[in-house]
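J.: Shown below is the structure under consideration.
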There are 2 protein chains.
Amino acid sequence: MDFLFLERMNIGIDMMGGDEAPSEIVAGIDQYLKVGNAHLFLIGQVERIKPLVSEWNLPADRYTLVNATQVIDMHDHPTRALKEKPASSISIGFQLLATEKIDAFISAGNTGAMLVGSLYAIKPIEGVLRPTISTIIPKENGSTGLLLDVGLNSDCKPEQLNQFAVMGSVYAQQILGIENPRVGLLNIGEEEGKGNLLAQAAYPLLKENKHINFIGNIEGRDILVDKADIVVCDGFTGNIILKMAESLHGITRRKGIDHEYFDLFNFENYGGTPVLGISKPVIIGHGISKGRAFKNMILLAQKMIDKDVMQMMKAEVEA
Amino acid sequence: MDFLFLERMNIGIDMMGGDEAPSEIVAGIDQYLKVGNAHLFLIGQVERIKPLVSEWNLPADRYTLVNATQVIDMHDHPTRALKEKPASSISIGFQLLATEKIDAFISAGNTGAMLVGSLYAIKPIEGVLRPTISTIIPKENGSTGLLLDVGLNSDCKPEQLNQFAVMGSVYAQQILGIENPRVGLLNIGEEEGKGNLLAQAAYPLLKENKHINFIGNIEGRDILVDKADIVVCDGFTGNIILKMAESLHGITRRKGIDHEYFDLFNFENYGGTPVLGISKPVIIGHGISKGRAFKNMILLAQKMIDKDVMQMMKAEVEA
């Protein structure tokens with residue numbers, strides 16, 4: 001059945017990444033295998049993974065163990081780690097992805113190393129100026145939006161913001177299931193012409209862009225209400241917003257403010273964030289990811305492959 | 001008693017500025033006069049103010065009415081308004097301030113017009129590259145910090161951030177009563193060298209600056225906790241943060257989340273924000289300011305004059 005084997009969807013998972021690796025990852029895989037259909041490549045120190053997969057009784061035909069003797073930890077320097085540790089789970093994961101042995105790669109390990117691998121080991125989508133990372137933003141009315149960039153591009157050109165809008169729109173439509181997503185430009189005033197030089201220059205590009213549903217400027221007060229589905233900004237501003245929003249979860253918990261709204265600011269729940277603009281799905285998880293987050297990340301990878309989101313982004317960016 | 005007259009502190013108030021002008025302003029003045037000692041110049045349409053000061057029975061020797069027949073409203077174009085309406089309360093206020101008839105000017109009216117007046121009618125402090133506006137930031141532990149710039153300078157140079165740190169430090173010490181205030185640079189990483197080009201270039205300037213207590217980078221997650229007393233950033237980022245923080249008050253209220261912590265995000269309570277870096281105190285209030293906010297703004301102006309904060313900033317910036 002070689003044909004079936006070739007058609008099979010293969011997702012690689014870094015078994016050493018995250019605060020509770022590999023045990024919570026195996027727990028997440030167990031959850032995933034009950035609902036998903038991909039074949040999983042479990043990449044890491046086999047002697048640590050084997051007892052766990054036995055213990056959880058994972059079906060042997062659903063996964064392949066890939067031994068990676070080294071581990072990139074949180075203290076490794078992101079740009080040097082991949083070179084210095086070629087036998088690490090992250091390095092091997094990117095090798096497998098680059099050579100098409102796997103169709104997607106997931107890790108909750110060293111974020112910097114994951115970004116470096118995404119940028120240098122995997123080809124960008126043709127026409128994409130710079131890949132980007134996004135975050136889900138919880139809204140007052142319970143819906144979720146997308147904010148991007150959140151830190152990969154701390155200085156941006158207007159053309160990049162315009163591409164973020166396109167990539168975000170494809171992602172929101174295909175993965176978040178938002179029809180005709182409204183794109184807002186994060187800015188410090190409502191009217192065209194307001195803002196810093198970047199926002200002033202990006203506005204006309206977004207306005208002219210026929211591939212997106214641009215609704216104009218979005219102010220800081222609009223981020224958490226349901227005004228836009230996609231908010232584009234430079235990675236400096238986006239990262240500050242993301243981390244400030246994340247901090248609300250801890251602050252409210254420490255203050256004993258118990259409300260489901262602030263549970264939405266527990267970003268662990270969202271699984272991971274994909275790197276958009278590269279030719280293969282790479283999903284980066286929160287270091288504190290637990291079983292459910294890993295299950296969600298694998299499901300996200302499966303959905304991105306199923307829908308061929310990268311190909312759609314290519315078509316939209318080129319058009 | 002000419003001598004006493006000359007020594008008197010005169011504070012000008014725009015009686016037409018704010019959603020509930022002039023009634024809430026008169027209410028605030030009444031509160032102020034019971035605790036403060038400045039003489040007030042009430043600038044606005046006298047036929048509207050007179051009945052109110054009678055009604056409130058304000059002591060006649062504590063104020064002077066100044067007739068201003070025109071009104072700059074929220075819809076007037078900020079840069080054109082002052083020229084087009086020279087008999088407006090805001091225009092006359094700046095004229096009185098520029099000619100030293102008053103020592104400080106307060107308005108909750110058109111923010112743009114107030115900023116234009118501050119920048120063009122009033123001299124900047126010698127050596128200051130650009131004036132700035134700040135906001136109080138409520139902290140998890142109940143203390144308050146200062147964030148600046150929050151929108152006057154949407155694109156900044158590193159030297160400006162360095163001056164914001166100096167001006168913010170003087171303000172925090174003299175007005176907020178914070179000894180040796182900790183200055184943080186808003187950034188997207190902890191270590192020196194992180195961040196966008198602006199933050200990378202500003203870091204060494206702040207580190208070398210002997211006039212401030214620089215503690216390094218502050219991330220988005222640190223803004224609402226008590227890590228720094230003063231957080232410096234460009235006005236684009238600062239404005240987004242301020243407006244996002246402000247929106248939390250409305251969101252939590254609408255969701256019925258009743259907790260004193262989120263009352264701190266009701267920025268009306270803080271009165272107004274001073275324009276720092278100009279030679280005279282100008283305080284800009286929230287449009288929705290009520291009596292208490294006006295009282296606090298007049299007290300703030302009095303304190304800034306009393307402590308001669310502008311002169312201290314001049315000394316620190318020049319040194």
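Residues are named by chain letter and number: chains run A, B, ... in the order of the structure tokens, numbers start at 1 in each chain, and ligands are numbered from 1 in the order shown.
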For chain A against chain B, with a cut-off of 7 Å and counting only C-alpha atoms, what is the closest atom pair and its distance in Å to one decimal for every residue that makes the cut, ordered by chain and number, as a tab-separated table?

T.:
residue	atom	partner	partner_atom	distance
A:Glu140	CA	B:Ile251	CA	6.7
A:Ser154	CA	B:Asn196	CA	4.9
A:Asp155	CA	B:Asn196	CA	5.5
A:Ile188	CA	B:Asn239	CA	6.4
A:Gly195	CA	B:Ser154	CA	6.4
A:Asn196	CA	B:Ser154	CA	4.9
A:Leu197	CA	B:Asp155	CA	7.0
A:Glu219	CA	B:Ile240	CA	6.6
A:Gly220	CA	B:Ile240	CA	4.2
A:Arg221	CA	B:Met244	CA	4.5
A:Ile223	CA	B:Met244	CA	6.9
A:Phe236	CA	B:Ile188	CA	6.4
A:Thr237	CA	B:Thr237	CA	5.8
A:Asn239	CA	B:Ile188	CA	6.4
A:Ile240	CA	B:Gly220	CA	4.2
A:Ile241	CA	B:Gly220	CA	6.4
A:Lys243	CA	B:Gly220	CA	4.7
A:Met244	CA	B:Gly220	CA	4.5
A:Glu246	CA	B:Arg221	CA	6.9
A:Ser247	CA	B:Arg221	CA	5.0
A:Ile251	CA	B:Glu140	CA	6.7

J.: Using DSSP secondary structure from the backbone, list all alpha helix (DSSP H) positions within segment 101-300 of chain A, as a ChimeraX atom specification.

T.: /A:111-120,158-174,197-208,235-254,260-263,291-300

J.: Would you list, as a ChimeraX atom specification, the residues of segment 94-223 of chain A that end up in strand (DSSP E) under DSSP run on this structure's backbone?

T.: /A:104-107,132-138,144-148,182-186,213-218

J.: Using only C-alpha atoms, which protein or nucleic acid residues come within 10 Å of Gly168 of chain A? Drop anything in the same chain fewer than 6 positions from it, and give the result as a PDB file with C-alpha atoms, in the first residue's frame.

T.:
ATOM      1  CA  THR A 132       4.911  36.671  10.704  1.00  0.00           C
ATOM      2  CA  ILE A 133       3.467  35.314  13.911  1.00  0.00           C
ATOM      3  CA  SER A 134       0.038  36.119  15.222  1.00  0.00           C
ATOM      4  CA  GLY A 145      -9.813  37.846  16.452  1.00  0.00           C
ATOM      5  CA  LEU A 146      -6.287  37.740  15.147  1.00  0.00           C
ATOM      6  CA  LEU A 147      -3.520  40.214  15.943  1.00  0.00           C
ATOM      7  CA  LEU A 148      -0.349  40.233  13.887  1.00  0.00           C
ATOM      8  CA  ASP A 149       2.615  40.667  13.927  1.00  0.00           C
ATOM      9  CA  ASN A 162      -0.257  44.855   3.876  1.00  0.00           C
ATOM     10  CA  GLN A 174      -9.735  28.900   6.538  1.00  0.00           C
ATOM     11  CA  PRO A 181     -12.839  38.883   7.914  1.00  0.00           C
ATOM     12  CA  VAL A 183      -9.145  43.942   8.677  1.00  0.00           C
ATOM     13  CA  ILE A 212      -8.915  41.983   1.997  1.00  0.00           C
ATOM     14  CA  ASP A 229     -11.428  40.323  13.019  1.00  0.00           C
ATOM     15  CA  ILE A 230      -7.831  40.983  12.085  1.00  0.00           C
ATOM     16  CA  VAL A 231      -5.687  43.754  13.512  1.00  0.00           C
ATOM     17  CA  VAL A 232      -2.386  44.426  11.785  1.00  0.00           C
ATOM     18  CA  LEU A 276       2.643  32.430   8.629  1.00  0.00           C
ATOM     19  CA  GLY A 277       4.407  33.134   5.351  1.00  0.00           C
ATOM     20  CA  MET A 313      -1.529  32.362   1.005  1.00  0.00           C
TER      21      MET A 313
END

J.: Quick one, how far is atom CA of Ile178 of chain A from atom CA of Ala108 of chain A?

T.: 26.5 Å

J.: Just give me the gap between atom CA of Asn180 of chain B and atom CA of Ala228 of chain B in Å, one decimal is fine.

T.: 10.9 Å

J.: Just the residues within 7 Å of segment 74-86 of chain A, please, counting only C-alpha atoms, with nothing from its chain fewer than 5 positions along; format it as a JSON list (two decimals) with N, CA and C atoms, in the first residue's frame.

T.:
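Produced file result.json, reproduced below:
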[["chain", "number", "residue", "atom", "x", "y", "z"],
["A", 91, "SER", "N", 16.26, 20.68, 15.74],
["A", 91, "SER", "CA", 17.04, 20.62, 14.51],
["A", 91, "SER", "C", 16.54, 19.49, 13.61],
["A", 92, "ILE", "N", 16.33, 18.33, 14.18],
["A", 92, "ILE", "CA", 15.88, 17.18, 13.39],
["A", 92, "ILE", "C", 14.47, 17.43, 12.83],
["A", 110, "ASN", "N", 12.09, 26.08, 22.85],
["A", 110, "ASN", "CA", 12.73, 27.39, 22.70],
["A", 110, "ASN", "C", 12.15, 28.17, 21.50],
["A", 112, "GLY", "N", 12.73, 31.12, 20.28],
["A", 112, "GLY", "CA", 13.71, 31.75, 19.40],
["A", 112, "GLY", "C", 14.28, 30.75, 18.39],
["A", 113, "ALA", "N", 14.62, 29.56, 18.88],
["A", 113, "ALA", "CA", 15.17, 28.53, 17.98],
["A", 113, "ALA", "C", 14.12, 28.10, 16.96],
["A", 116, "VAL", "N", 14.02, 30.83, 14.35],
["A", 116, "VAL", "CA", 15.20, 30.77, 13.49],
["A", 116, "VAL", "C", 15.05, 29.62, 12.50]]

J.: Within 12 Å of segment 295-299 of chain B, counting only C-alpha atoms, which residues qualify if same-chain residues fewer than 5 places away don't, as a PyMOL selection string?

T.: chain B and resi 9-14+24-42+103-108+175+268-274+281-286+289-290+304-306

J.: Can I get the selection written as a compact mmCIF listing (two decimals), in the first residue's frame, with N, CA and C atoms?

T.:
# COMPACT_ATOMS: atom_id res chain seq x y z
N MET B 9 -0.92 83.41 42.85
CA MET B 9 -0.89 82.38 41.83
C MET B 9 -2.20 82.42 41.06
N ASN B 10 -2.09 82.55 39.73
CA ASN B 10 -3.29 82.66 38.89
C ASN B 10 -3.42 81.44 37.97
N ILE B 11 -4.55 80.78 38.09
CA ILE B 11 -4.77 79.60 37.25
C ILE B 11 -5.97 79.85 36.34
N GLY B 12 -5.75 79.67 35.03
CA GLY B 12 -6.84 79.87 34.08
C GLY B 12 -7.57 78.57 33.79
N ILE B 13 -8.88 78.67 33.69
CA ILE B 13 -9.69 77.48 33.42
C ILE B 13 -10.63 77.74 32.25
N ASP B 14 -10.57 76.84 31.29
CA ASP B 14 -11.49 76.90 30.15
C ASP B 14 -12.85 76.41 30.63
N GLU B 24 -20.24 71.21 35.50
CA GLU B 24 -19.34 70.37 36.30
C GLU B 24 -18.04 71.10 36.65
N ILE B 25 -17.66 72.04 35.78
CA ILE B 25 -16.43 72.80 36.07
C ILE B 25 -16.65 73.69 37.29
N VAL B 26 -17.81 74.32 37.32
CA VAL B 26 -18.11 75.18 38.48
C VAL B 26 -18.18 74.34 39.75
N ALA B 27 -18.74 73.15 39.63
CA ALA B 27 -18.80 72.25 40.79
C ALA B 27 -17.38 71.93 41.28
N GLY B 28 -16.49 71.67 40.32
CA GLY B 28 -15.10 71.37 40.67
C GLY B 28 -14.40 72.56 41.29
N ILE B 29 -14.70 73.74 40.75
CA ILE B 29 -14.10 74.97 41.30
C ILE B 29 -14.53 75.17 42.75
N ASP B 30 -15.79 74.93 42.98
CA ASP B 30 -16.32 75.05 44.34
C ASP B 30 -15.56 74.14 45.30
N GLN B 31 -15.33 72.90 44.85
CA GLN B 31 -14.56 71.95 45.68
C GLN B 31 -13.13 72.46 45.88
N TYR B 32 -12.55 72.95 44.81
CA TYR B 32 -11.16 73.41 44.89
C TYR B 32 -11.00 74.58 45.85
N LEU B 33 -11.92 75.53 45.76
CA LEU B 33 -11.75 76.77 46.53
C LEU B 33 -11.75 76.50 48.04
N LYS B 34 -12.31 75.38 48.43
CA LYS B 34 -12.32 75.03 49.86
C LYS B 34 -10.97 74.54 50.34
N VAL B 35 -10.12 74.10 49.41
CA VAL B 35 -8.82 73.54 49.84
C VAL B 35 -7.62 74.24 49.21
N GLY B 36 -7.83 74.88 48.06
CA GLY B 36 -6.69 75.48 47.36
C GLY B 36 -6.64 76.98 47.56
N ASN B 37 -5.50 77.58 47.18
CA ASN B 37 -5.34 79.01 47.43
C ASN B 37 -5.10 79.87 46.19
N ALA B 38 -5.17 79.30 45.02
CA ALA B 38 -4.91 80.11 43.82
C ALA B 38 -6.12 80.97 43.47
N HIS B 39 -5.82 82.03 42.73
CA HIS B 39 -6.88 82.84 42.16
C HIS B 39 -7.21 82.27 40.79
N LEU B 40 -8.51 82.14 40.48
CA LEU B 40 -8.89 81.46 39.24
C LEU B 40 -9.42 82.42 38.19
N PHE B 41 -8.95 82.26 36.98
CA PHE B 41 -9.48 83.01 35.84
C PHE B 41 -10.44 82.10 35.09
N LEU B 42 -11.71 82.44 35.14
CA LEU B 42 -12.72 81.59 34.51
C LEU B 42 -12.99 82.13 33.11
N ASP B 103 -0.66 81.64 35.36
CA ASP B 103 0.54 80.82 35.56
C ASP B 103 0.35 79.39 35.08
N ALA B 104 -0.90 79.03 34.80
CA ALA B 104 -1.20 77.67 34.33
C ALA B 104 -2.55 77.73 33.63
N PHE B 105 -2.79 76.79 32.74
CA PHE B 105 -4.05 76.77 32.00
C PHE B 105 -4.58 75.33 31.94
N ILE B 106 -5.89 75.22 32.19
CA ILE B 106 -6.54 73.91 32.27
C ILE B 106 -7.73 73.87 31.33
N SER B 107 -7.86 72.76 30.60
CA SER B 107 -9.06 72.60 29.77
C SER B 107 -9.37 71.13 29.58
N ALA B 108 -10.65 70.80 29.56
CA ALA B 108 -11.09 69.45 29.21
C ALA B 108 -11.72 69.46 27.82
N ILE B 175 5.63 65.56 41.86
CA ILE B 175 4.16 65.58 41.88
C ILE B 175 3.57 64.27 42.41
N GLU B 268 -10.99 58.87 34.18
CA GLU B 268 -11.60 60.14 34.60
C GLU B 268 -11.14 60.55 35.99
N ASN B 269 -10.89 59.53 36.82
CA ASN B 269 -10.54 59.80 38.21
C ASN B 269 -9.23 60.56 38.35
N TYR B 270 -8.36 60.43 37.34
CA TYR B 270 -7.04 61.01 37.50
C TYR B 270 -6.98 62.49 37.16
N GLY B 271 -8.13 63.07 36.85
CA GLY B 271 -8.11 64.48 36.50
C GLY B 271 -7.55 64.63 35.11
N GLY B 272 -6.48 65.36 34.98
CA GLY B 272 -5.95 65.59 33.64
C GLY B 272 -4.50 65.23 33.54
N THR B 273 -4.00 65.34 32.34
CA THR B 273 -2.58 65.07 32.13
C THR B 273 -1.87 66.36 31.72
N PRO B 274 -0.73 66.62 32.34
CA PRO B 274 0.01 67.84 31.99
C PRO B 274 0.82 67.64 30.72
N PRO B 281 2.72 75.31 33.05
CA PRO B 281 1.83 74.16 33.19
C PRO B 281 0.55 74.30 32.35
N VAL B 282 0.34 73.32 31.50
CA VAL B 282 -0.92 73.19 30.76
C VAL B 282 -1.46 71.81 31.08
N ILE B 283 -2.70 71.75 31.51
CA ILE B 283 -3.28 70.47 31.89
C ILE B 283 -4.50 70.18 31.03
N ILE B 284 -4.48 69.00 30.43
CA ILE B 284 -5.56 68.63 29.51
C ILE B 284 -6.41 67.57 30.18
N GLY B 285 -7.70 67.87 30.30
CA GLY B 285 -8.61 66.94 30.98
C GLY B 285 -9.33 66.05 29.99
N HIS B 286 -9.87 64.98 30.53
CA HIS B 286 -10.72 64.06 29.80
C HIS B 286 -12.03 64.78 29.46
N SER B 289 -14.79 64.63 32.04
CA SER B 289 -14.43 65.03 33.41
C SER B 289 -15.64 65.57 34.17
N LYS B 290 -15.68 65.18 35.44
CA LYS B 290 -16.72 65.68 36.34
C LYS B 290 -16.07 66.57 37.40
N MET B 304 2.11 72.05 40.61
CA MET B 304 3.18 72.23 39.62
C MET B 304 3.79 73.62 39.70
N ILE B 305 2.95 74.62 39.98
CA ILE B 305 3.47 76.00 40.12
C ILE B 305 4.26 76.10 41.44
N ASP B 306 3.66 75.61 42.50
CA ASP B 306 4.29 75.65 43.83
C ASP B 306 5.69 75.05 43.81

J.: What is the distance, in Å and to one decimal place, between atom CA of Ile136 of chain B and atom CA of Phe267 of chain B?

T.: 8.3 Å

J.: Which polymer residues have any atom within 8 Å of an atom of Val46 of chain B, counting only C-alpha atoms, with same-chain residues fewer than 6 positions away left out, as a PDB file with C-alpha atoms, in the first residue's frame?

T.:
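Output saved as selection24.pdb:
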ATOM      1  CA  LEU B  65     -14.398  86.216  34.812  1.00  0.00           C
ATOM      2  CA  VAL B  66     -12.878  86.503  31.343  1.00  0.00           C
ATOM      3  CA  ASN B  67     -15.355  86.676  28.503  1.00  0.00           C
ATOM      4  CA  ALA B  68     -14.670  84.444  25.504  1.00  0.00           C
TER       5      ALA B  68
END

J.: Using only C-alpha atoms for the distances, tell me which of B:Ser54, B:Gln95, B:Gln302, B:Asn209 is nearest to Phe164 of chain B.

T.: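 Looking only at the distances to Phe164 of chain B, the closest residue turns out to be B:Asn209.
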
J.: Find the residues around segment 120-128 of chain B up to 9 Å (only C-alpha atoms counted), leave out those fewer than 5 positions away in its own chain, and share them as a VMD selection string.

T.: chain B and resid 94 to 95 97 to 98 115 160 163 276 to 280 310 to 311 313 to 314 317 to 318

J.: Nearest residue to Ser89 of chain B out of B:Ala315, B:Met114, B:Ala172, B:Leu58, using only C-alpha atoms?

T.: B:Met114
